[in-house]
Amino acid sequence: MDPHSWDPAFQELWFLVFDNLLHQEPDGKLIPWLATDWKNLSPTVWQFKLRTDVKFHNGDPFSADDVVATFDRLVAPGETIALASRVVSVQKAEKVDASTINVIFKAPDPLALMRVSRVPILPGKYFAQVGAAGLATKPIGTGLFKVTEWTPENKLVVVNTGENPFRKSQLQKITFQTLGENAVRTSALTTGEVDWINRVAFDDVDSLKSAGNAVDTIPAAQTIAWDMPWNEGPFTDKRVRQAINYAVNKEAQLAVFRGLSRVEDGQLVQPATFGYNPDVKAYPYDPDKAKSLLAAAGYSSGFDTIIEAQSYEPASKDIALLIQNDLAKVNIRAKIVLNEAAVFRDRFYNGPRAGLFFVSWSNNPAIDADFALSWFSNTKPGRLLRYDNPDFEKAYQASLTELNPDTRKKALQQAIAVMREDPPTVFGVQFTQLTAHKKTVQGYTPRADGLFWFDTVYLSQ
Amino acid sequence: MFRYVLRRLVGLVILLWLLSTLLFVCLRLSGDPVKLLAGDAQPEQIEAIRQKLGLADPILVQYGRFIAGIVPHFDAEGQLSALDFGNSFRSYRPARDVVGDRIPATVLLGVTSLLLATLVAIPAGIYSAASQNKVSRFLVVFVTLIGQSIPSFWLGILLILLFSVELRLLPAFGYGEAQNLILPALTLAAFPLARLTRLVRSEMLEVLGQDYVRTARSKGLGERAVLIQHALRNALLPVITVIGFDFAFVVGGSVIVETIFAWPGIGRQMVNSALDRDYAVVQTIVFLIGTVVVLANLAVDLVYRLLDPRIELG
């Protein structure tokens, strides 16, 4: 378990074992963790005062050297770790004294603190000794829990050290087990072999509840939308992309989530997200309007296209079928293609695209519109697809360097408004996932940032 | 005999070379692991990752390094090494170690399933061939037909629903205790068990109609001696071949069964690694499975010879 990588298993759990300098609460508020205090020395330099009463699980005291070692790793040229791409604006971290560090940014960055809040701090000395492989095999952090057993992609056992000065939990030991089958997870909860499960199948909600379990909806900061190839064939015409947005019945898609979701407001972010535009509304379901727009664009008899969904995400497949049906009503004949994970990612970054393409846009972790919007910017590295809209680009670029929150919010909202009118995507519904737990598990609150938060959990008899 | 084994072993080496080469090519055609690892990294960062993982080299250089790692050689530290498929992209550890950790679980599950299948199938097959009781004969045929037709992912879930959820007798998942082994082993054994039973039954029926069996009976030998000493020994030959096939089936079937029961074996590791394009781990596992299957078939041929000295190997 390397907290800087996006290990598909247990990626929501690293925070049990590791701490960050600051922690972002689900409402976006930053609270002190390993750092007690922070201030802006100049537009590009943030100074952090560090706690002096924290120890790593192997006994090493936490100090400024560990923070420097952590950032050194992330900014090293050629670093393969996923998190590195999220802190590209950081130039380096510098030790001022044993309990003070400066984090220096390449340019003024309005998201500076949020970026820092996403960096789990590694044990510098231990990491230098054992390297990435050693850390992944035997993870050691300052977190509330220490790892006592770890079989990658199978089992994780953590034990409360009771030594973390700023985090407390009543739980003494937590065992996480990977159960790949929906039915097995549900069975295991029913038999009481486990207390809590994630990725609950929507079909199982009723039976789990009737067996006396609690089912929670995760209010995910995640939007399902369908990329359109805005510079290919019929999609080059803005009216065609608008028509598809009118043709798709978003309300009907809620059935996929048994009604436990909501239609997004014609944007990729939720009302709680910084930058959300309250004036932007969803495209209403209006097949007639769609037909007239298609006719105006010269496609009254429709065209052939494809819909690419993810083979491993049931909601994606189900919604693809609904959209296929909606499009048929306006004479657009779509074939569904299912991509597995590796193919999906390759197509996401590199294209090419021939039609609609499922994406679940995340505003995690910062609960800030920047993350979802950044993918549509011409300056976004890694993604070959470009949404060449000068108005969007202008507004978005302004948001990147604007340090005044109000002005920055307006810039993000402006970019969102442009996207609604010249849609590069088919706006959809909020992505919803469920967790379930026994009634004896108390204090569990699902979080918009997707972390499985057990600090507050306790067991009642 | 010795020359035969030697020749088969040479064949094994050639087969494994072909297998690994095919694997090398197919994996590289299947997708780019760097994109999976790096996600939205800067282009220069992606290039650096490619360099670091050795994926920037010409394909022939990569292939040469790949083959050089597999054959016995001295590594950088002067240690004798072989079967080195490189490091896992995902966990950074040598793929050999990643897979090595998983082998005991798969061996335990596979061997238990195969033993269970064989030990139940042979008596059940004999019984259903020799029994005069029509009902119980029908039952054996009926149950084996079902056992052979049910897909293992469905059977596994049904067994969990029955034994874990309804009866609360056995755990639905887990590893480490004897009771954890029962449901996965049953699930994995179902297909080979059914197939073997039907095979033993049909072979026995055929052998029991032969003249020498009639001779044995007319000599006044007991039914037990006729069945076991005369009929079974001849009926077993094709059965041994099928056990060899079942060995391969059990290895392949473990992929599904291990996923259902959260069994920490190589089957599950292989699926995850293939989805991650973790070349080194997939190569190690497929190479391992290939070796085991080929060796199992060789063993079958040798056992054949032991059971029936008339068979010439060569």
# chains A, B, ... in the order shown; residues from 1 in each chain; ligands from 1
>>> residues_around(residues="Leu293 (chain A)", least_positions_apart="3", cutoff="9 Å", atoms="only C-alpha atoms", output="list in words")
Arg239, Val240, Gln242, Ala243, Asp288, Lys289, Ala290, Ala296, Ala297, Gly298, Tyr299 and Ser300 of chain A
>>> write_last_selection(atoms="N, CA, C and O atoms", output="mmCIF file, in the first residue's frame")
data_model
loop_
_atom_site.group_PDB
_atom_site.id
_atom_site.type_symbol
_atom_site.label_atom_id
_atom_site.label_comp_id
_atom_site.auth_asym_id
_atom_site.auth_seq_id
_atom_site.Cartn_x
_atom_site.Cartn_y
_atom_site.Cartn_z
ATOM 1 N N ARG A 239 -25.115 22.258 -32.741
ATOM 2 C CA ARG A 239 -26.539 21.942 -32.637
ATOM 3 C C ARG A 239 -26.771 20.432 -32.468
ATOM 4 O O ARG A 239 -27.715 20.011 -31.805
ATOM 5 N N VAL A 240 -25.883 19.635 -33.050
ATOM 6 C CA VAL A 240 -26.013 18.181 -32.900
ATOM 7 C C VAL A 240 -25.754 17.794 -31.449
ATOM 8 O O VAL A 240 -26.489 16.995 -30.849
ATOM 9 N N GLN A 242 -26.087 19.735 -28.847
ATOM 10 C CA GLN A 242 -27.230 20.205 -28.042
ATOM 11 C C GLN A 242 -28.418 19.254 -28.212
ATOM 12 O O GLN A 242 -29.078 18.892 -27.245
ATOM 13 N N ALA A 243 -28.655 18.849 -29.464
ATOM 14 C CA ALA A 243 -29.794 17.964 -29.754
ATOM 15 C C ALA A 243 -29.700 16.686 -28.932
ATOM 16 O O ALA A 243 -30.698 16.218 -28.374
ATOM 17 N N ASP A 288 -38.606 16.507 -29.458
ATOM 18 C CA ASP A 288 -39.007 17.321 -30.618
ATOM 19 C C ASP A 288 -37.993 18.407 -30.902
ATOM 20 O O ASP A 288 -37.604 18.650 -32.039
ATOM 21 N N LYS A 289 -37.575 19.052 -29.833
ATOM 22 C CA LYS A 289 -36.549 20.095 -29.976
ATOM 23 C C LYS A 289 -35.267 19.468 -30.545
ATOM 24 O O LYS A 289 -34.594 20.052 -31.402
ATOM 25 N N ALA A 290 -34.947 18.271 -30.060
ATOM 26 C CA ALA A 290 -33.755 17.577 -30.553
ATOM 27 C C ALA A 290 -33.871 17.339 -32.050
ATOM 28 O O ALA A 290 -32.932 17.599 -32.809
ATOM 29 N N ALA A 296 -32.042 21.162 -38.487
ATOM 30 C CA ALA A 296 -31.360 22.417 -38.823
ATOM 31 C C ALA A 296 -29.897 22.174 -39.157
ATOM 32 O O ALA A 296 -29.294 22.865 -39.981
ATOM 33 N N ALA A 297 -29.314 21.152 -38.517
ATOM 34 C CA ALA A 297 -27.908 20.860 -38.767
ATOM 35 C C ALA A 297 -27.742 19.943 -39.981
ATOM 36 O O ALA A 297 -26.621 19.577 -40.344
ATOM 37 N N GLY A 298 -28.865 19.554 -40.582
ATOM 38 C CA GLY A 298 -28.797 18.718 -41.785
ATOM 39 C C GLY A 298 -28.817 17.232 -41.498
ATOM 40 O O GLY A 298 -28.404 16.430 -42.330
ATOM 41 N N TYR A 299 -29.268 16.852 -40.298
ATOM 42 C CA TYR A 299 -29.287 15.427 -39.951
ATOM 43 C C TYR A 299 -30.697 14.975 -39.589
ATOM 44 O O TYR A 299 -30.904 14.250 -38.617
ATOM 45 N N SER A 300 -31.680 15.398 -40.374
ATOM 46 C CA SER A 300 -33.056 15.030 -40.035
ATOM 47 C C SER A 300 -33.255 13.523 -40.117
ATOM 48 O O SER A 300 -34.101 12.964 -39.416
#
>>> residues_around(residues="Leu114 (chain B)", least_positions_apart="4", cutoff="8 Å", atoms="only C-alpha atoms", output="number ranges by chain")
B: 110, 118, 189, 192, 246-247, 250
>>> closest_atom_pairs(of="chain A", to="chain B", cutoff="9 Å", atoms="only C-alpha atoms", output="tab-separated table")
residue	atom	partner	partner_atom	distance
A:Met1	CA	B:Ser91	CA	8.0
A:Asp2	CA	B:Ser91	CA	8.3
A:Ser5	CA	B:Leu37	CA	8.3
A:Trp6	CA	B:Leu37	CA	8.1
A:Asp7	CA	B:Arg90	CA	7.6
A:Pro77	CA	B:Gln45	CA	6.9
A:Gly78	CA	B:Ala48	CA	4.4
A:Glu79	CA	B:Ile49	CA	6.9
A:Thr80	CA	B:Ile49	CA	5.5
A:Ile81	CA	B:Ala38	CA	6.8
A:Ala82	CA	B:Ala38	CA	5.3
A:Leu83	CA	B:Ala38	CA	8.8
A:Ala84	CA	B:Ala41	CA	7.7
A:Ser85	CA	B:Ala41	CA	4.9
A:Arg86	CA	B:Ala41	CA	8.3
A:Val88	CA	B:Gln42	CA	8.5
A:Ala132	CA	B:Tyr92	CA	6.9
A:Ala133	CA	B:Tyr92	CA	4.9
A:Gly134	CA	B:Arg93	CA	8.3
A:Ala136	CA	B:Ser91	CA	6.4
A:Thr137	CA	B:Ser91	CA	7.7
A:Thr151	CA	B:Pro264	CA	7.9
A:Pro152	CA	B:Ser91	CA	8.6
A:Glu153	CA	B:Gln269	CA	8.0
A:Asn154	CA	B:Pro264	CA	6.2
A:Lys155	CA	B:Pro264	CA	8.6
A:Gln177	CA	B:Ala262	CA	7.7
A:Thr178	CA	B:Ala262	CA	6.4
A:Leu179	CA	B:Ala262	CA	5.5
A:Gly180	CA	B:Thr259	CA	5.8
A:Glu181	CA	B:Ile260	CA	5.7
A:Ala183	CA	B:Ile157	CA	6.8
A:Val184	CA	B:Ala172	CA	6.9
A:Arg185	CA	B:Ala172	CA	8.9
A:Ser187	CA	B:Val165	CA	6.1
A:Ala188	CA	B:Ala172	CA	6.1
A:Thr190	CA	B:Val165	CA	6.8
A:Thr191	CA	B:Val165	CA	5.5
A:Glu193	CA	B:Pro171	CA	7.4
A:Glu340	CA	B:Leu275	CA	7.7
A:Ala341	CA	B:Leu275	CA	6.5
A:Ala342	CA	B:Leu275	CA	6.2
A:Val343	CA	B:Gly31	CA	6.7
A:Arg345	CA	B:Leu36	CA	6.6
A:Asp346	CA	B:Lys35	CA	6.4
A:Tyr349	CA	B:Asp40	CA	7.7
A:Lys380	CA	B:Asp40	CA	8.2
A:Pro381	CA	B:Gln42	CA	5.1
A:Gly382	CA	B:Asp40	CA	4.8
A:Arg383	CA	B:Asp40	CA	6.9
>>> atom_distance(atom1="CA of Leu205 (chain B)", atom2="CA of Leu193 (chain B)")
18.1 Å
>>> residues_around(residues="Val239 (chain B)", least_positions_apart="5", cutoff="8 Å", atoms="only C-alpha atoms", output="list of chain:residue names")
B:Leu196, B:Leu199, B:Val200
>>> write_last_selection(atoms="N, CA and C atoms", output="mmCIF file, in the first residue's frame")
data_model
loop_
_atom_site.group_PDB
_atom_site.id
_atom_site.type_symbol
_atom_site.label_atom_id
_atom_site.label_comp_id
_atom_site.auth_asym_id
_atom_site.auth_seq_id
_atom_site.Cartn_x
_atom_site.Cartn_y
_atom_site.Cartn_z
ATOM 1 N N LEU B 196 -15.548 -36.970 -14.112
ATOM 2 C CA LEU B 196 -14.852 -38.218 -13.800
ATOM 3 C C LEU B 196 -15.842 -39.342 -13.474
ATOM 4 N N LEU B 199 -17.287 -40.658 -16.532
ATOM 5 C CA LEU B 199 -16.292 -41.401 -17.306
ATOM 6 C C LEU B 199 -16.041 -42.780 -16.694
ATOM 7 N N VAL B 200 -15.851 -42.812 -15.364
ATOM 8 C CA VAL B 200 -15.610 -44.087 -14.690
ATOM 9 C C VAL B 200 -16.795 -45.012 -14.945
#
>>> select_by_dssp(residues="region 34-123 of chain A", states="helix (DSSP H, G or I)", output="list in words")
Ala64, Asp65, Asp66, Val67, Val68, Ala69, Thr70, Phe71, Asp72, Arg73, Leu74, Val75, Ala82, Leu83, Ala84, Ser85, Arg86, Ala112, Leu113, Met114, Arg115, Val116 and Ser117 of chain A
>>> residues_around(residues="Ala235 (chain B)", least_positions_apart="3", cutoff="10 Å", atoms="only C-alpha atoms", output="list in words")
Ile126, Leu199, Val200, Arg201, Ser202, Glu203, Met204, Leu205, Glu206, Val207, Leu208, Leu227, Ile228, His230, Ala231, Leu232, Pro238, Val239 and Ile240 of chain B
>>> write_last_selection(atoms="N, CA and C atoms", output="mmCIF file, in the first residue's frame")
data_model
loop_
_atom_site.group_PDB
_atom_site.id
_atom_site.type_symbol
_atom_site.label_atom_id
_atom_site.label_comp_id
_atom_site.auth_asym_id
_atom_site.auth_seq_id
_atom_site.Cartn_x
_atom_site.Cartn_y
_atom_site.Cartn_z
ATOM 1 N N ILE B 126 -18.098 -46.467 -10.116
ATOM 2 C CA ILE B 126 -18.179 -47.923 -10.030
ATOM 3 C C ILE B 126 -19.573 -48.317 -9.561
ATOM 4 N N LEU B 199 -17.287 -40.658 -16.532
ATOM 5 C CA LEU B 199 -16.292 -41.401 -17.306
ATOM 6 C C LEU B 199 -16.041 -42.780 -16.694
ATOM 7 N N VAL B 200 -15.851 -42.812 -15.364
ATOM 8 C CA VAL B 200 -15.610 -44.087 -14.690
ATOM 9 C C VAL B 200 -16.795 -45.012 -14.945
ATOM 10 N N ARG B 201 -17.986 -44.441 -14.855
ATOM 11 C CA ARG B 201 -19.194 -45.235 -15.075
ATOM 12 C C ARG B 201 -19.214 -45.847 -16.479
ATOM 13 N N SER B 202 -18.973 -45.010 -17.499
ATOM 14 C CA SER B 202 -19.084 -45.541 -18.862
ATOM 15 C C SER B 202 -17.942 -46.521 -19.155
ATOM 16 N N GLU B 203 -16.748 -46.251 -18.613
ATOM 17 C CA GLU B 203 -15.637 -47.193 -18.835
ATOM 18 C C GLU B 203 -15.926 -48.523 -18.158
ATOM 19 N N MET B 204 -16.465 -48.448 -16.942
ATOM 20 C CA MET B 204 -16.768 -49.676 -16.206
ATOM 21 C C MET B 204 -17.838 -50.485 -16.935
ATOM 22 N N LEU B 205 -18.846 -49.781 -17.436
ATOM 23 C CA LEU B 205 -19.920 -50.481 -18.150
ATOM 24 C C LEU B 205 -19.343 -51.224 -19.346
ATOM 25 N N GLU B 206 -18.393 -50.553 -20.000
ATOM 26 C CA GLU B 206 -17.809 -51.179 -21.179
ATOM 27 C C GLU B 206 -16.990 -52.400 -20.783
ATOM 28 N N VAL B 207 -16.133 -52.222 -19.756
ATOM 29 C CA VAL B 207 -15.239 -53.293 -19.337
ATOM 30 C C VAL B 207 -16.032 -54.472 -18.770
ATOM 31 N N LEU B 208 -17.114 -54.150 -18.048
ATOM 32 C CA LEU B 208 -17.888 -55.216 -17.400
ATOM 33 C C LEU B 208 -18.548 -56.146 -18.423
ATOM 34 N N LEU B 227 -14.777 -56.512 -9.715
ATOM 35 C CA LEU B 227 -14.869 -55.075 -9.985
ATOM 36 C C LEU B 227 -13.523 -54.380 -9.819
ATOM 37 N N ILE B 228 -12.902 -54.630 -8.673
ATOM 38 C CA ILE B 228 -11.697 -53.862 -8.351
ATOM 39 C C ILE B 228 -10.482 -54.380 -9.119
ATOM 40 N N HIS B 230 -10.171 -56.746 -11.633
ATOM 41 C CA HIS B 230 -10.218 -57.034 -13.070
ATOM 42 C C HIS B 230 -10.754 -55.861 -13.876
ATOM 43 N N ALA B 231 -11.901 -55.359 -13.472
ATOM 44 C CA ALA B 231 -12.532 -54.324 -14.296
ATOM 45 C C ALA B 231 -11.882 -52.951 -14.097
ATOM 46 N N LEU B 232 -11.746 -52.546 -12.836
ATOM 47 C CA LEU B 232 -11.328 -51.165 -12.560
ATOM 48 C C LEU B 232 -9.959 -50.844 -13.166
ATOM 49 N N PRO B 238 -8.244 -44.482 -19.290
ATOM 50 C CA PRO B 238 -8.710 -43.181 -19.788
ATOM 51 C C PRO B 238 -8.990 -42.192 -18.658
ATOM 52 N N VAL B 239 -9.340 -42.742 -17.502
ATOM 53 C CA VAL B 239 -9.624 -41.868 -16.361
ATOM 54 C C VAL B 239 -8.379 -41.075 -15.970
ATOM 55 N N ILE B 240 -7.241 -41.757 -16.006
ATOM 56 C CA ILE B 240 -5.990 -41.074 -15.669
ATOM 57 C C ILE B 240 -5.749 -39.899 -16.629
#
>>> closest_residue(among="A:Pro139, A:Phe344, A:Asn160, A:Glu264", to="Phe454 (chain A)", atoms="only C-alpha atoms")
A:Asn160
>>> residues_around(residues="Leu122 (chain A)", least_positions_apart="4", cutoff="10 Å", atoms="only C-alpha atoms", output="mmCIF file with C-alpha atoms, in the first residue's frame")
data_model
loop_
_atom_site.group_PDB
_atom_site.id
_atom_site.type_symbol
_atom_site.label_atom_id
_atom_site.label_comp_id
_atom_site.auth_asym_id
_atom_site.auth_seq_id
_atom_site.Cartn_x
_atom_site.Cartn_y
_atom_site.Cartn_z
ATOM 1 C CA ASP A 2 1.725 3.080 -1.293
ATOM 2 C CA PRO A 3 -0.436 6.096 -0.407
ATOM 3 C CA HIS A 4 0.956 8.055 -3.346
ATOM 4 C CA PHE A 18 -1.005 7.948 6.947
ATOM 5 C CA ASP A 19 -1.583 11.571 7.906
ATOM 6 C CA ASN A 20 -1.404 14.723 5.804
ATOM 7 C CA PHE A 56 5.794 7.045 12.951
ATOM 8 C CA PHE A 62 8.045 13.031 12.703
ATOM 9 C CA ASP A 66 9.931 13.731 6.464
ATOM 10 C CA VAL A 67 7.880 16.412 4.726
ATOM 11 C CA VAL A 68 10.852 17.352 2.554
ATOM 12 C CA ALA A 69 11.496 13.683 1.686
ATOM 13 C CA THR A 70 7.826 13.244 0.768
ATOM 14 C CA PHE A 71 7.749 16.211 -1.588
ATOM 15 C CA ARG A 73 9.720 12.051 -4.090
ATOM 16 C CA TYR A 126 12.383 4.451 6.438
ATOM 17 C CA PHE A 127 11.510 5.320 2.840
ATOM 18 C CA LEU A 135 6.901 0.918 1.681
ATOM 19 C CA PRO A 139 3.480 0.565 5.004
ATOM 20 C CA ILE A 140 4.496 2.792 7.903
ATOM 21 C CA GLY A 141 2.899 6.153 8.587
ATOM 22 C CA THR A 142 1.900 8.394 11.448
#
>>> atom_distance(atom1="CA of Gln179 (chain B)", atom2="CA of Leu116 (chain B)")
14.8 Å
>>> residues_around(residues="region 246-258 of chain A", least_positions_apart="5", cutoff="8 Å", atoms="only C-alpha atoms", output="list in words")
Phe202, Val263, Tyr283, Pro284, Tyr285, Asp286, Pro287, Lys289, Ala290, Ala315, Asp318, Ile319, Leu322, Ile323, Asp326, Leu327, Lys329, Val330, Gly428, Val429 and Thr432 of chain A
>>> write_last_selection(atoms="N, CA, C and O atoms", output="PDB file, in the first residue's frame")
ATOM      1  N   PHE A 202     -27.580  -2.209  -6.248  1.00  0.00           N
ATOM      2  CA  PHE A 202     -28.858  -1.550  -5.995  1.00  0.00           C
ATOM      3  C   PHE A 202     -29.992  -2.560  -5.822  1.00  0.00           C
ATOM      4  O   PHE A 202     -30.951  -2.314  -5.104  1.00  0.00           O
ATOM      5  N   VAL A 263     -30.462  14.277 -11.044  1.00  0.00           N
ATOM      6  CA  VAL A 263     -30.022  14.770 -12.348  1.00  0.00           C
ATOM      7  C   VAL A 263     -29.102  15.959 -12.104  1.00  0.00           C
ATOM      8  O   VAL A 263     -29.423  16.850 -11.318  1.00  0.00           O
ATOM      9  N   TYR A 283     -30.405  20.318 -19.382  1.00  0.00           N
ATOM     10  CA  TYR A 283     -31.184  20.306 -20.625  1.00  0.00           C
ATOM     11  C   TYR A 283     -32.466  19.540 -20.349  1.00  0.00           C
ATOM     12  O   TYR A 283     -32.415  18.398 -19.873  1.00  0.00           O
ATOM     13  N   PRO A 284     -33.641  20.139 -20.623  1.00  0.00           N
ATOM     14  CA  PRO A 284     -34.874  19.374 -20.414  1.00  0.00           C
ATOM     15  C   PRO A 284     -34.969  18.250 -21.448  1.00  0.00           C
ATOM     16  O   PRO A 284     -34.368  18.338 -22.520  1.00  0.00           O
ATOM     17  N   TYR A 285     -35.747  17.218 -21.110  1.00  0.00           N
ATOM     18  CA  TYR A 285     -35.960  16.119 -22.058  1.00  0.00           C
ATOM     19  C   TYR A 285     -36.957  16.582 -23.097  1.00  0.00           C
ATOM     20  O   TYR A 285     -38.125  16.831 -22.779  1.00  0.00           O
ATOM     21  N   ASP A 286     -36.519  16.757 -24.333  1.00  0.00           N
ATOM     22  CA  ASP A 286     -37.372  17.331 -25.365  1.00  0.00           C
ATOM     23  C   ASP A 286     -36.986  16.756 -26.735  1.00  0.00           C
ATOM     24  O   ASP A 286     -36.247  17.382 -27.502  1.00  0.00           O
ATOM     25  N   PRO A 287     -37.507  15.565 -27.059  1.00  0.00           N
ATOM     26  CA  PRO A 287     -37.124  14.921 -28.320  1.00  0.00           C
ATOM     27  C   PRO A 287     -37.497  15.761 -29.547  1.00  0.00           C
ATOM     28  O   PRO A 287     -36.761  15.740 -30.547  1.00  0.00           O
ATOM     29  N   LYS A 289     -37.575  19.052 -29.833  1.00  0.00           N
ATOM     30  CA  LYS A 289     -36.549  20.095 -29.976  1.00  0.00           C
ATOM     31  C   LYS A 289     -35.267  19.468 -30.545  1.00  0.00           C
ATOM     32  O   LYS A 289     -34.594  20.052 -31.402  1.00  0.00           O
ATOM     33  N   ALA A 290     -34.947  18.271 -30.060  1.00  0.00           N
ATOM     34  CA  ALA A 290     -33.755  17.577 -30.553  1.00  0.00           C
ATOM     35  C   ALA A 290     -33.871  17.339 -32.050  1.00  0.00           C
ATOM     36  O   ALA A 290     -32.932  17.599 -32.809  1.00  0.00           O
ATOM     37  N   ALA A 315     -23.649   0.520 -13.802  1.00  0.00           N
ATOM     38  CA  ALA A 315     -24.456   1.711 -14.085  1.00  0.00           C
ATOM     39  C   ALA A 315     -24.158   2.226 -15.490  1.00  0.00           C
ATOM     40  O   ALA A 315     -25.061   2.677 -16.204  1.00  0.00           O
ATOM     41  N   ASP A 318     -26.036   0.087 -18.022  1.00  0.00           N
ATOM     42  CA  ASP A 318     -27.484   0.293 -17.980  1.00  0.00           C
ATOM     43  C   ASP A 318     -27.867   1.633 -18.598  1.00  0.00           C
ATOM     44  O   ASP A 318     -28.843   1.736 -19.339  1.00  0.00           O
ATOM     45  N   ILE A 319     -27.094   2.672 -18.278  1.00  0.00           N
ATOM     46  CA  ILE A 319     -27.420   3.993 -18.821  1.00  0.00           C
ATOM     47  C   ILE A 319     -27.175   4.027 -20.330  1.00  0.00           C
ATOM     48  O   ILE A 319     -27.934   4.644 -21.076  1.00  0.00           O
ATOM     49  N   LEU A 322     -30.213   2.913 -22.043  1.00  0.00           N
ATOM     50  CA  LEU A 322     -31.269   3.929 -22.038  1.00  0.00           C
ATOM     51  C   LEU A 322     -30.987   4.998 -23.091  1.00  0.00           C
ATOM     52  O   LEU A 322     -31.890   5.433 -23.817  1.00  0.00           O
ATOM     53  N   ILE A 323     -29.727   5.425 -23.164  1.00  0.00           N
ATOM     54  CA  ILE A 323     -29.374   6.475 -24.127  1.00  0.00           C
ATOM     55  C   ILE A 323     -29.558   5.964 -25.562  1.00  0.00           C
ATOM     56  O   ILE A 323     -30.063   6.678 -26.435  1.00  0.00           O
ATOM     57  N   ASP A 326     -33.098   6.333 -26.292  1.00  0.00           N
ATOM     58  CA  ASP A 326     -33.469   7.744 -26.471  1.00  0.00           C
ATOM     59  C   ASP A 326     -33.015   8.250 -27.841  1.00  0.00           C
ATOM     60  O   ASP A 326     -33.747   8.972 -28.515  1.00  0.00           O
ATOM     61  N   LEU A 327     -31.797   7.901 -28.223  1.00  0.00           N
ATOM     62  CA  LEU A 327     -31.255   8.408 -29.490  1.00  0.00           C
ATOM     63  C   LEU A 327     -32.016   7.833 -30.679  1.00  0.00           C
ATOM     64  O   LEU A 327     -32.220   8.509 -31.687  1.00  0.00           O
ATOM     65  N   LYS A 329     -35.026   7.355 -30.910  1.00  0.00           N
ATOM     66  CA  LYS A 329     -36.257   8.128 -31.107  1.00  0.00           C
ATOM     67  C   LYS A 329     -36.024   9.383 -31.935  1.00  0.00           C
ATOM     68  O   LYS A 329     -36.967   9.981 -32.450  1.00  0.00           O
ATOM     69  N   VAL A 330     -34.782   9.850 -32.017  1.00  0.00           N
ATOM     70  CA  VAL A 330     -34.494  11.017 -32.864  1.00  0.00           C
ATOM     71  C   VAL A 330     -33.662  10.583 -34.071  1.00  0.00           C
ATOM     72  O   VAL A 330     -32.901  11.369 -34.635  1.00  0.00           O
ATOM     73  N   GLY A 428     -25.315  14.255 -17.439  1.00  0.00           N
ATOM     74  CA  GLY A 428     -26.122  13.145 -16.963  1.00  0.00           C
ATOM     75  C   GLY A 428     -26.548  13.286 -15.526  1.00  0.00           C
ATOM     76  O   GLY A 428     -27.075  14.323 -15.109  1.00  0.00           O
ATOM     77  N   VAL A 429     -26.315  12.234 -14.769  1.00  0.00           N
ATOM     78  CA  VAL A 429     -26.789  12.178 -13.385  1.00  0.00           C
ATOM     79  C   VAL A 429     -25.598  12.030 -12.435  1.00  0.00           C
ATOM     80  O   VAL A 429     -24.506  11.669 -12.850  1.00  0.00           O
ATOM     81  N   THR A 432     -23.764   7.473  -8.110  1.00  0.00           N
ATOM     82  CA  THR A 432     -24.121   7.113  -6.738  1.00  0.00           C
ATOM     83  C   THR A 432     -23.615   5.727  -6.409  1.00  0.00           C
ATOM     84  O   THR A 432     -23.720   4.812  -7.222  1.00  0.00           O
TER      85      THR A 432
END
>>> residues_around(residues="Asn198 (chain A)", least_positions_apart="2", cutoff="10 Å", atoms="only C-alpha atoms", output="list in words")
Leu179, Asn182, Arg185, Thr186, Trp196, Val200, Ala201, Val215, Asp216, Ile218, Gln433, Leu434, Thr435, Ala436, His437 and Phe452 of chain A
>>> atom_distance(atom1="CA of Tyr396 (chain A)", atom2="CA of Asp368 (chain A)")
12.8 Å
>>> closest_residue(among="A:Ser210, A:Pro314, A:Thr100, A:Gly59", to="Ala35 (chain A)", atoms="only C-alpha atoms")
A:Thr100
